[in-house]
Each structure stands twice: as C-alpha cells, then as structure tokens.
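Student: Take a look at this one; I'll ask things after.
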Amino acid sequence: MGDVRFTGIMVIQDPDPDGLRDSIRAIDSLDYSNYEIYILSMIGERKTMTADVSPSDPFARIIRSVSRRDNIHYMQMGYEATPGQCINEGIRRSEGDYIFFIGQCDILSPEYLKKMEEKIVSSLLPKRPEELSIDDIARAASGNILRAWRDTAPDLIYSDHDELVSGIRMNPHFKGAFNRELLIQSDYIGPAFSVSRRLLKLTGLINENAGRACLYDYLLCILTLMMKGTEVKTDHICSLLYHKRIRELPDSVRDTLRKDIYKDYVSAAKRFIQKNGIKGRIKNDSSMRYWKLERGSRDVKTHSSSYIFLRDKDISLRSGYAMEHLFSYLDGTVAAAVPLCLDDKGLIDNCGYLYDEKGNLYGACHSQSPADPGYEGRIALSSDISCADPGCCMLDAAIYKKLRGFMRGLGKNEMMLDYCLRARAAGFRIVYVSSVRVTRKGKADVSSTGSKDLIMKMYGPNGTSKHIRLAPGDPYYNPNLPMGIDNYRF
C-alpha cells in the first residue's frame, strides 16, 4: 500500500519546545512513508516569508534534532502573517492527493495516515465497510495501477480525537456522520480532518481573514458547496487517531485567548448564515464551547397544507410558538422536525431516536436533565438525527408524498424508522429542534417482535432493500459510546 500521497500542514505561533519536539517525533514515527509535512512559523523578526531559515532558529534546531527526514519542510512566514496565510502557503507548495492539518504540538497516532488510506482505498470495493478486511484493502491498493480511488474516495475524512492535558490523554471527542445542523453551531469535527485535492479545487483556498477559526470557516465553505447541490463525499473514522495538546497557561492569559478564539468562531458562523440566506441569528453561549442558531419562526396558519403534524393524545406542547419553530426547519431538505420530548418527571424522554444494527430503537439522552447540554452539546444544540419520535414530530407534506408515506403492517416505532431510513436514503434530513419542548404523560410505545422482524427482513444483512442496511448502526451515533437507555454521555 502507500499509493495515496498526503501533505500535512502545521502552523506554529508560540509552541512549547518540548511539545513541538514530541509532535515531530510522532510525525517521524508514522506507520506510513508516502507523505510530506510543511511546518510554517509565524515567529521571527521578518515581516515577510523566507525560505532561508537561520541555523540559529530554535525551532529549526528542534526539528533537525528529532528528524533527519527530507520530507519535513520548515519555513518562516513572518510575524505579520495570519494562520490562514500560512496554511495557504503550505497548500500551494503541497504535492499530496490529500491535505491534512496538524495543530502546533498536537500528536498523531502512528496509524493516522494508514487508517486514512484504508478509508480511501476501501471505497473501490463493492463490499459494505463492516465486511472489509485489511487483506481486501491491500489487494485493492496493489491492483490500483490507474489510481481509480480518485473517483470513489471521500473528499472529507475526519477521525475522533482526544486531548493531552499535562501529558495525560483525556476528554475523548467521539463523533458521528457529517452533521450539517450541528456544524453550524459547533466545530464538532475539530482539527482532525483531511481534504482531497478535488475538494480544494472546488472550494478554493482558506479564508485568510478568519483568524484562528480559519479551518472551521473552511468546513463551513464545504457545507456551503453541499447546500448548493455539489456532491461532497464525507467519511468518519471511529478511532482516536489525533491527540490535541491543551497548553497550560495562566488563568488571565487563557481566558483572554479563549474569548478571542470564540469570537472568531462565532464570526465565521454569522458569515455563513448571512451568505446562505438562513433566517435566524447566532447566539453566544456562556460556556464558549458552542453557539446556538436560533431560526426565525414561520407562519403555520397560512401553510397548513405544507406540513403534517403528528402528536399523540398524551403529549402536550410546552414551548410557545412550537409549531412555528418546527415549521421553520422544513426548508425542502428536512423530512421531519423533532422536538425535545420530556417525561412527566421533567427528565428527557428522547431527543429523537437512535437505532442499532438489529433495528432496536433507543431514546437519545433518555433520563438526562434538560438543563444539561449533553455530550458534545447534543441536548442543547439542534442537530441532524436518524429517526423521529412517532409520538410527536412535524413532517414535510411534499416529501411525505414523494416517499409515498408510511408503510403499512408495521408498529408505530418501526413505521417511523422505515420512513426515516427511506427519507435519508433519498437525501433528506431528520432534524432534532432543541428549542421546542413537549411532555409525554404516559410511556412511549413498545416495539413488537413481529414489527422488528419485518424491519430486519427489509433492511437486515440479507434484506430485500437493495440500498438501505441497518448495519453498522446509526451513522450519527458513535459505536464507542454506550448504546442503551443512558446514551450520549461518556
């Protein structure tokens, strides 16, 4: 293997020397050889870029002392350069099929590029991902003389990551499939991602005026392409392949830096919704971990034929203008908008449903407090999900008609699961709307064995459907998290 060439780009501003040394050692230890790294420094007396690095430069000395490889290139960009300008210079000089980004002093797993290549090359194979072996992927790579993976490979690949705090790995960030609604409100993908050369040609270079949020701004540019109809293939590696170093700083310095960075991210989100004509506003959150998109409500009274509102008798609306807020999400891409459902004790019944490879349904964030933001903000933030609560949700009437409605012969839960599976397979979304709350006084319907069997007959390993399979489970739910009553909590 080793057919895919990667270019890594690292921008350094004020790196800890020991941290930089550890980062270079990790790069030097990658279990992959077909790569190059550009390290671009914003430190020094010069205002402009230079390829002539002084032998006395302390960071050049660190790099040379750790690695003698000729594929690690170090340049001084000048202290007036922005992070975006540095990244763009690395992109211009890159030769890789894929570009990946490394934060200063962060650590890559030895398997980082190897796993990326496996994901790229496996796109050639007709088998489903859960059935592939390393031997399958190796054979595909060895016979890939014409590099045919360029036509099938994902354009954006990202992995899970955790944090290095005082040298200890902690705070794992387990992610799911590409989540449009969540990305607008949170940089949930983070620093661990790689983009194809094809995608770079479509998006253009990084926004050099986006400050420290330039990579998040770039992810939003990718999302803009997708919203305009451009096909962008995305894939997620469910493995902690990237370790983000959290530097210890004095409280006053850390707080000031955190506020400045947060401001850059919020500005990027505001530019995005303005550019794409999304009605609503971005609202800051005191935690400074995310920002909320509050969509403007839409009049439902004059558009009663545009939606179908499902609500069981034991469910009551708690939020003012609940119908209007749900309707505001039905923009032609959303098949169902789902409220936060509470039980009669005031705890969460569900934030929509998750499903496993056997078609079992679980209420997302069940039994947790609605005041808790949830794991990675999954309670506090609206997000794309896989299945609606059949007891209460709003459906787009035109999409419902296009999908020929619900399938008869199934129980309520499986009926909704079947509908949502078909909707997502057709390119539509199911969205959990965090601002709308309802209360269920009784208990949710329990699935019957016969109904589950029918779902497995259609979407199981040998199911009758040619395009939809329940395996390997809910794409928006990470398999490294516990599946069951208590979920989305690490």
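Residue names in the structure tokens use chain letters A, B, ... in the order shown, residue numbers from 1 in each chain, and ligand numbers from 1 in the order shown.
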If we count only C-alpha atoms, what is near stretch 417-434 of chain A at a cut-off of 8 Å, once residues fewer than 2 positions away on the same chain are taken out, given as an MDAnalysis selection string?

Tutor: chainID A and resid 181 326 329 333:340 351:352 379:388 403 405:407 413:415 436:437 455 467:468

Student: Find the spatial neighbours of A:Asp28, counting only C-alpha atoms, within a cut-off of 10 Å - ignore same-chain residues fewer than 6 positions away - and output them as a ChimeraX atom specification.

Tutor: /A:22,66-69,71-72,108,110

Student: Please run DSSP on the backbone and report, as an NGL selection string, all residues within stretch 166-397 of chain A that come out as strand (DSSP E).

Tutor: :A and (168-173 or 193-196 or 234-246 or 280-284 or 291-295 or 307-311 or 315-317 or 334-342 or 348-350 or 353-355 or 361-363 or 383-385 or 392-396)

Student: Which residues are near stretch 90-99 of chain A? Cut-off 12 Å, only C-alpha atoms, ignore same chain within fewer than 6 positions. Put them as a PyMOL selection string.

Tutor: chain A and resi 2-11+34-41+49+71-77+83-84+113+116-117+120+147+149-150+153-158+192-201+204-206

Student: Which residues, written as an mmCIF file with N, CA and C atoms, in the first residue's frame, have at least one atom at most 7 Å from A:Glu357, with only C-alpha atoms counted and residues fewer than 5 positions away on the same chain left out?

Tutor:
```cif
data_model
loop_
_atom_site.group_PDB
_atom_site.id
_atom_site.type_symbol
_atom_site.label_atom_id
_atom_site.label_comp_id
_atom_site.auth_asym_id
_atom_site.auth_seq_id
_atom_site.Cartn_x
_atom_site.Cartn_y
_atom_site.Cartn_z
ATOM 1 N N LEU A 470 -29.349 -1.715 7.937
ATOM 2 C CA LEU A 470 -29.256 -1.244 9.314
ATOM 3 C C LEU A 470 -27.817 -1.321 9.834
ATOM 4 N N ALA A 471 -27.067 -2.315 9.391
ATOM 5 C CA ALA A 471 -25.660 -2.405 9.779
ATOM 6 C C ALA A 471 -24.885 -1.315 9.072
ATOM 7 N N PRO A 472 -23.917 -0.665 9.705
ATOM 8 C CA PRO A 472 -23.381 -0.913 11.060
ATOM 9 C C PRO A 472 -24.024 -0.051 12.144
ATOM 10 N N GLY A 473 -25.302 0.230 12.047
ATOM 11 C CA GLY A 473 -25.972 1.010 13.083
ATOM 12 C C GLY A 473 -26.160 2.463 12.683
#
```

Student: Choose the residue, out of A:Arg489, A:Arg311, A:Phe327, A:Gly296, that has the smallest atom-to-atom separation from A:Pro373; count only C-alpha atoms.

Tutor: A:Arg489

Student: Quick one: everything within 12 Å of A:Lys292, counting only C-alpha atoms, minus sequence neighbours fewer than 4 positions away in the same chain. Send it as JSON, numbers by chain.

Tutor: {"A": [181, 182, 183, 184, 185, 186, 187, 265, 266, 269, 270, 273, 280, 281, 282, 283, 284, 285, 286, 287, 288, 373, 377, 378, 379, 380, 381, 382, 383, 433, 434, 435]}

Student: So what do you get for atom CA of A:Gly211 versus atom CA of A:Leu257, distance-wise?

Tutor: 12.2 Å

Student: If you run DSSP on the backbone, which residues of stretch 171-377 of chain A are alpha helix (DSSP H), as a PyMOL selection string?

Tutor: chain A and resi 180-185+197-203+214-227+251-275+322-327

Student: If we count only C-alpha atoms, what is near stretch 474-484 of chain A at a cut-off of 9 Å, once residues fewer than 2 positions away on the same chain are taken out, given as number ranges by chain?

Tutor: A: 174-179, 238-239, 354-357, 361-364, 366, 384-386, 470-472, 486-490

Student: For a test of reading the model, state the distance in Å between atom CA of A:Asp312 and atom CA of A:Tyr375, rounded to one decimal.

Tutor: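 Taking atom CA of A:Asp312 and atom CA of A:Tyr375, their separation equals 28.5 Å.
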